[in-house]
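For reference, the structure is listed below as structure tokens.
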Amino acid sequence: MHLSRSRETLTRSHHERVFLAGAAGSVFAQTCTCAGASNMFPVSRTLFPLQLLLVRCSGREGCLSPSTAGVHKDGDVVIGGFFSLFLRVYFSGMTHIGPSKDFVDMPLMPNSYQNVLAFIFAIEEINGSPHLLPNVSLGYESHNSLYNHGNTVQNVLTLHTGQHGIPNYICGRESKSVALLTGTSWATAAQTGPLLELYKFPQLTFGSFDPVLSDHGQFPSLYQMAPRETSLPQGMVSLVLYFSWTWVGLVITEGPKGLQFLSDVRAEMDRSRVCAAFVKMISNDALSYMSHTQQREFLAGESSAVNVVIIYYDAESLNDVNYNIGLHLVTWRVWVTNSQWHADLTGKKFILDSFHGTLIFSSHHEEISAFKHFIQTVNPARYPEDAFLHQYWYWNFNCLISDSDCALKDCTPNASLARLPANRFDPAMSDTSYNIYNAVYAVAHALHVMLLQQVQMQPVGNGARSTFSPWQLHPFLRSIQFKNPAGYHVNLDKKIKLDAKYDILNFWNFPEGLRLKVKVGEFSPHVAQGQQLSLSQEMVQWATGNTETPRSVCSESCGPGFRKSPQEGKVACCFDCTPCPENEITNDTDMEHCVMCPVHQYASIERNCCLQKTVTFLAYEDPLGKALASTALSLTVVTAAVLGLFVKHRDTPIVKANNRTLSYTLLISLTCCFLCSLLFIGRPSTATCILQQTTFGVVFTVAVSTVLAKTITVVLAFKVTAPGRRMRQLLISGAPNSIIPICSLIQLTLCGVWMGTNPPYIDTDAHSEHGHIIIVCNKGSLTAFYCVLGYLGSLALLSFTVAFLARNLPDTFNEAKFLTFSMLVFCSVWITFLPVYHSTKGKVMVAMEVFSILASSAGLLGCIFVPKCYIILLKPERNSLHRFRDEAHSGRKKPS
């Protein structure tokens with residue numbers, strides 16, 4: 001990497017060194033001169049947004065600097081491991097073609113060293129076991145993976161050949177390595193895989209599961225210890241749905257696993273209707289973080305309104321996501337991430353932490369209790385060959401360096417890794433360390449089974465090591481199944497490897513430095529749908545500044561009674577809330593469609609539920625029913641009184657005039673008309689529905705035909721007066737009276753046809769009146785109904801026409817004018833009734849029919865009989881034969 005020579009240089013003093021406590025942390029002031037440096041360069045937070053812990057320096061500090069952080073311990077068989085402890089960055093001037101010898105060593109994570117300790121711990125535990133490989137001692141050989149091709153190939157050849165020099169022949173010790181433990185970087189596997197595959201050398205990866213590496217055709221000698229992570233997207237989305245978060249951001253580290261996770265989580269979000277507010281891909285290239293111009297500000301723009309962000313880390317990714325977040329002190333967001341995430345472990349000068357409240361999905365594993373005791377006993381004296389441990393001890397326990405042998409002295413009394421604060425070292429075994437622990441045990445179990453089967457094998461100490469090769473372990477590794485000391489079932493079969501069960505951890509770091517990971521829930525893909533996520537919400541501590549569960553939505557939820565209306569040009573999570581139309585409801589939040597209430601129910605005012613409709617009808621108890629029934633009964637009484645009055649005065653001229661029998665018939669029919677209106681009031685039944693129409697049609701036909709007979713009688717009486725004429729004979733014989741039975745018979749025939757084909761029946765009207773189901777009588781055949789009504793109207797029109805023509809006939813008791821007015825009222829009522837009847841429904845329609853019956857009948861009664869009753873009761877002198885003759889005589893004297 002080329003850096004400008006014009007930058008401010010560091011002093012060349014051998015007694016000064018630079019130590020950066022971290023990108024967002026404090027600077028621990030010491031400087032040093034890098035070995036062999038022709039030009040010195042400043043080391044700053046802007047330049048390195050990663051923690052600088054190890055610096056290649058001259059002088060006493062320089063003797064502690066590890067070249068590859070390799071550690072070797074001999075044994076009958078050796079298990080190798082590649083672990084990423086630090087990144088070496090070389091400096092070269094602008095005129096240099098190749099890298100210079102000036103470099104700095106940057107640790108990736110202080111806790112990365114836990115992986116090496118888990119590796120050593122597992123081997124020592126197996127060596128101390130009397131049941132597993134009792135006659136075989138395991139050795140180990142670890143190398144630092146420096147994230148470059150040359151270093152990776154060199155480490156592979158060193159492990160396989162057993163010598164550090166790599167000529168085209170082997171002249172050193174014979175390698176005793178039988179398996180290699182590596183991380184999960186696909187790039188690393190692509191380098192080590194083909195080279196070791198030449199010898200079918202077993203490789204076990206200890207990082208997160210990578211689907212690419214599970215291809216047996218491409219990597220037949222590679223085994224992954226981690227369970228599958230296919231359920232991780234489902235688990236994260238389930239957590240998001242648990243808290244009703246529908247508007248989340250995605251920050252994904254680049255690489256095959258990151259892209260696969262992005263594809264899976266987007267598909268799961270689409271199924272669950274969770275929207276991605278933004279998607280940011282973060283590069284894994286370490287060199288991209290060395291310049292401040294490459295820093296990514298992913299909190300800008302539209303993402304600033306998102307309260308929940310899912311961060312996916314690759315196991316071996318180098319990224320500045322934490323640096324950017326911590327730099328801006330984003331304390332109100334909730335971060336949901338996987339177990340590869342690590343907080344900034346350098347410490348800060350302020351009490352707040354951007355990652356307090358982070359929710360972490362960590363693969364479930366049992367606790368290895370002996371590991372904590374092992375951590376307490378680790379020290380440089382116990383592992384003198386471990387240069388990285390010496391360097392680590394020097395920086396953390398205030399040690400001095402001996403001038404004679406470069407040994408550590410005067411360190412903090414009772415120094416132990418377990419006593420370091422969490423920002424320096426976390427003694428709790430991580431997912432990666434647990435996989436390393438299981439990987440070592442898998443090799444040991446496979447080796448144990450293989451040695452048992454080789455009964456002819458000589459004791460290992462006497463050269464038994466030469467009786468087998470590493471490739472012979474494959475059949476046993478593929479089929480091996482065992483329980484580790486914690487009781488966890490382990491198998492390496494790619495075909496039956498299960499999805500991971502996740503512990504949901506809550507990162508507590510308030511005040512800053514607490515750094516606790518508290519289990520608050522679980523997610524298991526192996527249980528029934530709906531029971532996969534269990535969470536103790538009351539234990540969750542949210543991001544600093546939040547006392548309640550945060551909300552992260554693009555649009556607030558639409559409550560019951562409203563439906564979601566999508567906003568044009570935006571994702572489905574952004575919507576407006578529209579009230580449901582009449583008689584439609586939504587009874588849940590965020591419903592996309594309103595549901596129509598059933599016919600027998602109606603929507604509440606809030607449009608959030610359907611209520612049962614009340615069954616109703618035009619009852620006598622209703623105010624309208626009471627009014628109509630009272631009117632009908634009153635008019636019936638009045639009609640009966642008129643009939644009684646006429647019967648009492650039946651011998652008077654005014655009663656005898658125009659056929660007394662027809663008057664009685666008309667009054668009786670009118671009484672029936674008033675009474676038939678009562679059939680329309682009350683709860684309908686099949687009988688009342690039939691009687692309503694037949695009674696109405698027949699009695700009104702009798703009434704109207706009676707009026708017609710009276711009108712014809714008037715005409716015959718005043719127009720046909722000459723003796724001997726045939727018309728006179730008709731009048732004397734009472735022929736007009738035959739009109740009534742003839743017309744009634746025709747109406748009865750029509751009603752009979754109606755009742756025989758499609759009679760009226762009980763029906764319900766659920767739409768006319770809100771909240772009510774009205775029981776009504778359906779007419780059945782509308783054609784028959786209109787035929788009956790039309791026939792009745794024809795009779796009324798004929799009666800009106802005849803009466804109108806005879807309205808000016810002279811004489812004392814001429815009824816023609818009254819008959820004309822009565823039929824005018826009758827026709828007006830029923831002509832008005834037809835359009836009103838069709839424009840109303842329910843009880844109003846029934847009431848209109850009753851009103852029309854009463855009004856038309858009352859019109860006939862009033863126009864025809866009120867004048868006569870007036871004369872009978874108030875003008876009796878006019879109701880005498882003498883007065884009748886005088887008026888008749890005076891009428892004949894009038895000039896014709």
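Residues in the structure tokens are named by chain (A, B, ... in the order shown) and by number from 1 within that chain; ligands are numbered from 1 in the order shown.
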
Residues of segment 629-674 of chain A that have any atom at most 7 Å from an atom of segment 703-707 of chain A: could you tabulate them with the shortest-distance atom pair and the distance in Å to one decimal, using only C-alpha atoms, ordered by chain and increasing number, as CSV?
```
residue,atom,partner,partner_atom,distance
A:Leu662,CA,A:Thr706,CA,6.3
A:Leu666,CA,A:Ala703,CA,5.5
A:Ser669,CA,A:Ala703,CA,5.4
A:Leu670,CA,A:Ala703,CA,6.5
```

Atoms to include: N, CA, C and O atoms. Write the selected residues as a PDB file, in the first residue's frame.
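Heads up, here's the output in result-v3.pdb:
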```pdb
ATOM      1  N   LEU A 662    -127.725  -0.146  -3.050  1.00  0.00           N
ATOM      2  CA  LEU A 662    -126.338   0.145  -3.451  1.00  0.00           C
ATOM      3  C   LEU A 662    -125.599   0.934  -2.372  1.00  0.00           C
ATOM      4  O   LEU A 662    -124.391   0.737  -2.167  1.00  0.00           O
ATOM      5  N   LEU A 666    -122.284  -0.336  -0.654  1.00  0.00           N
ATOM      6  CA  LEU A 666    -121.057   0.484  -0.659  1.00  0.00           C
ATOM      7  C   LEU A 666    -120.520   0.694   0.753  1.00  0.00           C
ATOM      8  O   LEU A 666    -119.310   0.614   1.000  1.00  0.00           O
ATOM      9  N   SER A 669    -118.945  -2.540   1.957  1.00  0.00           N
ATOM     10  CA  SER A 669    -117.653  -2.778   1.300  1.00  0.00           C
ATOM     11  C   SER A 669    -116.573  -1.827   1.826  1.00  0.00           C
ATOM     12  O   SER A 669    -115.411  -2.210   1.985  1.00  0.00           O
ATOM     13  N   LEU A 670    -116.982  -0.577   2.112  1.00  0.00           N
ATOM     14  CA  LEU A 670    -116.008   0.371   2.673  1.00  0.00           C
ATOM     15  C   LEU A 670    -115.569  -0.071   4.067  1.00  0.00           C
ATOM     16  O   LEU A 670    -114.397   0.097   4.449  1.00  0.00           O
TER      17      LEU A 670
END
```

Near Gly521 of chain A, counting only C-alpha atoms, which residues have an atom at most 6 Å away, once you skip same-chain residues fewer than 6 positions from it, shown as a list in words? Ile504, Ser534, Leu535 and Ser536 of chain A

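Atom CA of Tyr502 of chain A is found 6.4 Å from atom CA of Ser524 of chain A.
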
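Nearest to Tyr242 of chain A of all the residues A:Gly561, A:Pro684, A:Pro623, A:Gly530 is A:Gly530, based on only C-alpha atoms.
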
Which residues are close to Ser781 of chain A, i.e. within 10 Å by only C-alpha atoms, leaving aside same-chain residues fewer than 2 positions away? Reply as a PyMOL selection string. chain A and resi 754-755+757-760+778-779+783-787
